[in-house]
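Trainee: Handing you this structure, nothing more for now.
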Amino acid sequence: MHFLLTGAAGFIGFHVARRLLARGDIVVGLDNLNDYYDVRLKQARLRQLEGQAGFEFRRLDLADRSGMAALFEQTKPRRVIHLAAQAGVRYSIQNPYAYVDSNLVGFLNILEGCRHHQVEHLVYASSSSVYGANTRMPFSVHDNVDHPVSLYAATKKANELMAHTYSHLYGLPATGLRFFTVYGPWGRPDMALFLFTKAILEGQPIDVFNEGRMRRDFTYIDDIVEGVVRVADRVAQPNPDWDGSRPDPGSSRAPHRLYNIGNNNPVELLHLIEVLEAALGRKAQKRLLPIQPGDVPATYADVDDLMRDVGFRPATTIEEGVKRFVEWYRERWEQGAGSREQGAGS
């Protein structure tokens with residue numbers, strides 16, 4: 001299978017690329033290598049992919065309309081896994097235009113490329129943040145999500161609406177995946193686990209928002225990748241039972257579907273810290289702080305639809321996942337302090 005994979009130097013994209021290449025697929029990986037976080041980590045991931053049979057890298061910004069059109073024309077992918085985006089809830093409050101350029105303009109360029117080149121299936125990254133002010137747990141794709149609490153969340157909700165429109169107008173099969181707090185080796189350094197690990201090993205205090213009462217559906221990267229690849233292999237289909245008088249937000253009469261992809265087992269932030277302390281053999285100095293603007297106190301994924309349709313079953317406990325991350329951090333990242341090429345991936 002010939003894939004276009006955006007965000008190939010990102011956390012999830014890197015792991016998805018490795019899985020696709022391992023099974024013999026052809027992957028054109030796109031990334032703009034921006035400096036939202038340490039570019040050296042992105043470059044280190046990319047070095048693990050370059051040179052592998054079937055992989056080609058293109059450095060390109062999603063918002064480059066002519067560049068994206070040329071990319072689709074040159075590569076003619078059969079399927080697209082779109083994971084590139086401007087990430088981060090808090091960053092969206094300080095830098096809103098970055099989210100419009102990447103997450104809205106960039107996503108339109110993806111949709112147009114898929115439309116004009118008869119792409120068989122578009123799988124795109126949404127986010128658990130779309131649930132916003134919702135409080136009924138677990139979060140279900142069949143619930144309304146019209147109350148985002150950050151611009152990042154609003155752009156992800158907009159992506160779902162844009163994709164559905166193209167599915168309806170042009171018959172483009174598209175599946176949106178609402179990711180829930182992904183962690184693991186090669187993870188993002190702006191996420192809690194990476195930040196906490198670095199600070200604890202350096203003897204620095206950690207900022208614990210909402211005084212540690214945040215609950216997150218932490219999902220290990222291997223489980224996420226398994227779900228993404230299974231979904232990519234199952235082309236979205238219309239729901240013949242969809243009823244416009246009782247519209248189901250999770251499906252459609254068009255070939256468009258939405259799924260939660262999470263661990264289905266929320267963990268309190270203070271417990272995550274305890275697990276991390278055990279893995280590191282060190283205690284954290286905790287600085288308890290109030291909840292931040294744009295944050296939600298809890299996330300919890302209902303993954304029944306994904307389990308039913310593609311056999312997705314998260315299998316990694318928080319204890320095992322944190323242990324694997326700490327091993328990677330100490331062996332592959334801390335030793336080089338991010339300053340030189342790291343060894344083989346986890």
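Residues in the structure tokens are named by chain (A, B, ... in the order shown) and by number from 1 within that chain; ligands are numbered from 1 in the order shown.
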What parts of stretch 120-294 of chain A does DSSP call strand (DSSP E or B)? I'd like the answer as JSON, numbers by chain.
Mentor: {"A": [121, 122, 123, 124, 125, 126, 127, 139, 174, 175, 176, 177, 178, 179, 182, 183, 206, 207, 208, 209, 215, 216, 219, 220, 256, 257, 258, 259, 260, 261, 267, 268, 286, 287, 288, 289]}
Trainee: For the selection just defined, write its residues with C-alpha atoms to a file, as a PDB file, in the first residue's frame.
Mentor:
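To be explicit, this is the file written out as again.pdb:
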ATOM      1  CA  HIS A 121      -9.184   6.526   2.528  1.00  0.00           C
ATOM      2  CA  LEU A 122      -8.203   9.528   4.651  1.00  0.00           C
ATOM      3  CA  VAL A 123      -7.464   8.857   8.315  1.00  0.00           C
ATOM      4  CA  TYR A 124      -6.932  12.068  10.267  1.00  0.00           C
ATOM      5  CA  ALA A 125      -6.060  13.021  13.828  1.00  0.00           C
ATOM      6  CA  SER A 126      -8.706  14.641  15.932  1.00  0.00           C
ATOM      7  CA  SER A 127      -8.393  14.954  19.715  1.00  0.00           C
ATOM      8  CA  PHE A 139     -16.705  10.384  26.450  1.00  0.00           C
ATOM      9  CA  ALA A 174     -12.619   9.616   5.882  1.00  0.00           C
ATOM     10  CA  THR A 175     -12.121   8.501   9.469  1.00  0.00           C
ATOM     11  CA  GLY A 176     -11.315  10.841  12.359  1.00  0.00           C
ATOM     12  CA  LEU A 177      -9.493   9.525  15.426  1.00  0.00           C
ATOM     13  CA  ARG A 178      -9.895  11.332  18.737  1.00  0.00           C
ATOM     14  CA  PHE A 179      -6.607  10.637  20.490  1.00  0.00           C
ATOM     15  CA  VAL A 182      -0.564   9.408  24.169  1.00  0.00           C
ATOM     16  CA  TYR A 183       2.748   8.580  25.869  1.00  0.00           C
ATOM     17  CA  ILE A 206       7.430  19.646  38.881  1.00  0.00           C
ATOM     18  CA  ASP A 207       4.322  21.734  38.205  1.00  0.00           C
ATOM     19  CA  VAL A 208       1.239  19.676  39.071  1.00  0.00           C
ATOM     20  CA  PHE A 209      -1.881  21.390  37.767  1.00  0.00           C
ATOM     21  CA  ARG A 215      -7.494  12.423  35.363  1.00  0.00           C
ATOM     22  CA  ARG A 216      -6.260  11.386  31.940  1.00  0.00           C
ATOM     23  CA  THR A 219      -2.644   5.538  26.195  1.00  0.00           C
ATOM     24  CA  TYR A 220       0.625   3.810  25.323  1.00  0.00           C
ATOM     25  CA  HIS A 256     -17.314   9.316   7.367  1.00  0.00           C
ATOM     26  CA  ARG A 257     -16.671   7.844  10.813  1.00  0.00           C
ATOM     27  CA  LEU A 258     -15.319   9.052  14.150  1.00  0.00           C
ATOM     28  CA  TYR A 259     -13.638   6.927  16.813  1.00  0.00           C
ATOM     29  CA  ASN A 260     -12.148   7.488  20.230  1.00  0.00           C
ATOM     30  CA  ILE A 261      -8.729   5.900  20.576  1.00  0.00           C
ATOM     31  CA  VAL A 267      -5.480   7.586  35.744  1.00  0.00           C
ATOM     32  CA  GLU A 268      -5.167  10.428  38.250  1.00  0.00           C
ATOM     33  CA  LYS A 286       5.647  18.693  43.651  1.00  0.00           C
ATOM     34  CA  ARG A 287       4.492  22.264  43.139  1.00  0.00           C
ATOM     35  CA  LEU A 288       0.688  22.065  43.325  1.00  0.00           C
ATOM     36  CA  LEU A 289      -1.024  24.615  41.071  1.00  0.00           C
TER      37      LEU A 289
END
Trainee: I'd like the interatomic distance between atom CA of A:Gly54 and atom CA of A:Leu21, to a tenth of an Å.
Mentor: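 For atom CA of A:Gly54 relative to atom CA of A:Leu21, the distance reads 6.6 Å.
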Trainee: Just checking: using only C-alpha atoms, which residue out of A:Ala85, A:Val141, A:Ala9, A:Val149 ends up closest to A:Val303?
Mentor: A:Val141
Trainee: Compare A:Thr197, A:Gln118, A:Asn144, A:Thr299 by their minimum atom-to-atom distance to A:Ser167, counting only C-alpha atoms, and give me the closest one.
Mentor: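 So, comparing all the options, the nearest one is A:Gln118.
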Trainee: So that I can see what lies close to A:Gly321, please list as an MDAnalysis selection string the residues with an atom at most 12 Å from it, counting only C-alpha atoms and leaving out residues fewer than 6 positions away in the same chain.
Mentor: chainID A and resid 182:185 187 193 218:223 263 272 275:276 279 314:315 327:328 346
Trainee: So that I have them on file, write out the residues from the current selection with N, CA, C and O atoms, as a compact mmCIF listing (two decimals), in the first residue's frame.
Mentor:
# COMPACT_ATOMS: atom_id res chain seq x y z
N VAL A 182 -1.48 10.45 24.62
CA VAL A 182 -0.56 9.41 24.17
C VAL A 182 0.80 9.61 24.83
O VAL A 182 1.29 10.73 24.94
N TYR A 183 1.43 8.51 25.24
CA TYR A 183 2.75 8.58 25.87
C TYR A 183 3.57 7.37 25.46
O TYR A 183 3.04 6.38 24.96
N GLY A 184 4.88 7.46 25.70
CA GLY A 184 5.76 6.33 25.41
C GLY A 184 7.10 6.81 24.89
O GLY A 184 7.36 8.02 24.79
N PRO A 185 8.00 5.89 24.54
CA PRO A 185 9.32 6.24 24.00
C PRO A 185 9.21 7.15 22.78
O PRO A 185 8.31 7.01 21.97
N GLY A 187 8.47 10.20 22.94
CA GLY A 187 7.32 11.08 23.15
C GLY A 187 7.67 12.56 23.12
O GLY A 187 8.83 12.96 23.14
N LEU A 193 4.61 13.51 31.09
CA LEU A 193 5.53 12.44 31.46
C LEU A 193 6.97 12.82 31.16
O LEU A 193 7.88 12.59 31.97
N PHE A 218 -4.44 7.96 29.82
CA PHE A 218 -3.10 7.78 29.24
C PHE A 218 -3.08 6.50 28.39
O PHE A 218 -3.44 5.43 28.85
N THR A 219 -2.62 6.65 27.14
CA THR A 219 -2.64 5.54 26.19
C THR A 219 -1.25 5.33 25.62
O THR A 219 -0.66 6.25 25.06
N TYR A 220 -0.74 4.12 25.74
CA TYR A 220 0.63 3.81 25.32
C TYR A 220 0.73 3.81 23.80
O TYR A 220 -0.18 3.37 23.10
N ILE A 221 1.84 4.27 23.30
CA ILE A 221 2.03 4.49 21.87
C ILE A 221 1.82 3.22 21.04
O ILE A 221 1.23 3.28 19.95
N ASP A 222 2.26 2.07 21.51
CA ASP A 222 2.08 0.84 20.72
C ASP A 222 0.60 0.52 20.52
O ASP A 222 0.20 0.03 19.45
N ASP A 223 -0.22 0.79 21.54
CA ASP A 223 -1.65 0.57 21.42
C ASP A 223 -2.26 1.55 20.41
O ASP A 223 -3.11 1.18 19.60
N ASN A 263 -7.20 4.52 26.24
CA ASN A 263 -6.95 3.33 27.06
C ASN A 263 -8.19 2.83 27.79
O ASN A 263 -8.18 1.74 28.35
N LEU A 272 -0.01 8.77 38.39
CA LEU A 272 1.04 8.72 37.36
C LEU A 272 2.38 9.11 37.96
O LEU A 272 3.40 8.46 37.69
N VAL A 275 3.79 6.26 39.99
CA VAL A 275 4.33 5.21 39.12
C VAL A 275 5.68 5.65 38.55
O VAL A 275 6.64 4.86 38.48
N LEU A 276 5.78 6.91 38.17
CA LEU A 276 7.03 7.44 37.63
C LEU A 276 8.13 7.44 38.70
O LEU A 276 9.28 7.09 38.41
N ALA A 279 9.49 4.01 39.00
CA ALA A 279 10.33 3.62 37.86
C ALA A 279 11.69 4.32 37.90
O ALA A 279 12.70 3.74 37.51
N PRO A 314 -6.70 -1.90 23.86
CA PRO A 314 -5.49 -1.39 24.54
C PRO A 314 -4.99 -2.43 25.51
O PRO A 314 -5.76 -3.02 26.27
N ALA A 315 -3.67 -2.68 25.49
CA ALA A 315 -3.13 -3.81 26.26
C ALA A 315 -2.03 -3.42 27.24
O ALA A 315 -1.56 -4.28 27.98
N GLU A 327 13.01 3.74 30.56
CA GLU A 327 14.15 3.02 29.99
C GLU A 327 14.65 3.71 28.73
O GLU A 327 15.85 3.90 28.54
N TRP A 328 13.72 4.12 27.86
CA TRP A 328 14.12 4.83 26.64
C TRP A 328 14.79 6.16 26.99
O TRP A 328 15.83 6.50 26.44
N SER A 346 12.92 2.12 20.44
CA SER A 346 12.51 1.17 21.48
C SER A 346 11.88 -0.06 20.85
O SER A 346 11.40 -0.01 19.74
Trainee: Tell me which protein, DNA and RNA residues are within 12 Å of A:Tyr36, counting only C-alpha atoms, leaving out same-chain ones fewer than 6 positions away, and put them as a ChimeraX atom specification.
Mentor: /A:10,42,85-88,91-92,95,98-99,188-190
Trainee: With only C-alpha atoms as the counted atoms, please give the residues lying no more than 9 Å from A:Asn32, apart from itself and same-chain residues fewer than 3 positions off, as a list in words.
Mentor: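 Near A:Asn32, the qualifying residues are Gly7, Ala9, Arg58, Arg59, Leu60, Asp61, Leu62 and Ala84 of chain A.
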Trainee: Pick the closest to A:Gln292 from A:Glu211, A:Val130, A:Leu111, A:Asp143: which is it, counting only C-alpha atoms?
Mentor: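 Among A:Glu211, A:Val130, A:Leu111, A:Asp143, it is A:Glu211 that comes nearest to A:Gln292.
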Trainee: Using only C-alpha atoms, which residue out of A:Arg324, A:His117, A:Arg230, A:Arg253 lies closest to A:Leu169?
Mentor: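 Using only C-alpha atoms, the shortest distance to A:Leu169 belongs to A:Arg253.
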Trainee: Please provide as a PyMOL selection string all residues within 10 Å of A:Phe14, with the sequence filter that same-chain residues fewer than 3 positions apart are discarded (counting only C-alpha atoms).
Mentor: chain A and resi 5-11+17-19+29+42+45-46+48-49+83+186-187+225
Trainee: Taking only C-alpha atoms into account, name the residue in A:Asp304, A:Phe57, A:Gly212, A:Ser102 that is nearest to A:Asn34.
Mentor: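 Nearest candidate to A:Asn34 out of A:Asp304, A:Phe57, A:Gly212, A:Ser102: A:Ser102.
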Trainee: Between A:Asn159, A:Thr165, A:Asn134, A:Asn239, single out the one closest to A:Val296, counting only C-alpha atoms.
Mentor: A:Asn134
Trainee: Write out as an MDAnalysis selection string the set of residues from stretch 137-246 of chain A that DSSP, computed on the backbone, places in alpha helix (DSSP H).
Mentor: chainID A and resid 151:170 192:201 221:233
Trainee: Rounded to one decimal, what separation in Å do you get between atom CA of A:Val16 and atom CA of A:Lys323?
Mentor: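 It comes out at 21.1 Å.
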Trainee: Quick one: distance from atom CA of A:Leu161 to atom CA of A:Met1 in Å, one decimal?
Mentor: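 Separation of atom CA of A:Leu161 and atom CA of A:Met1: 27.3 Å.
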Trainee: Within 10 Å of A:Glu274, counting only C-alpha atoms, which residues qualify if same-chain residues fewer than 6 places away don't, as JSON, numbers by chain?
Mentor: {"A": [280, 282, 283, 284, 319]}
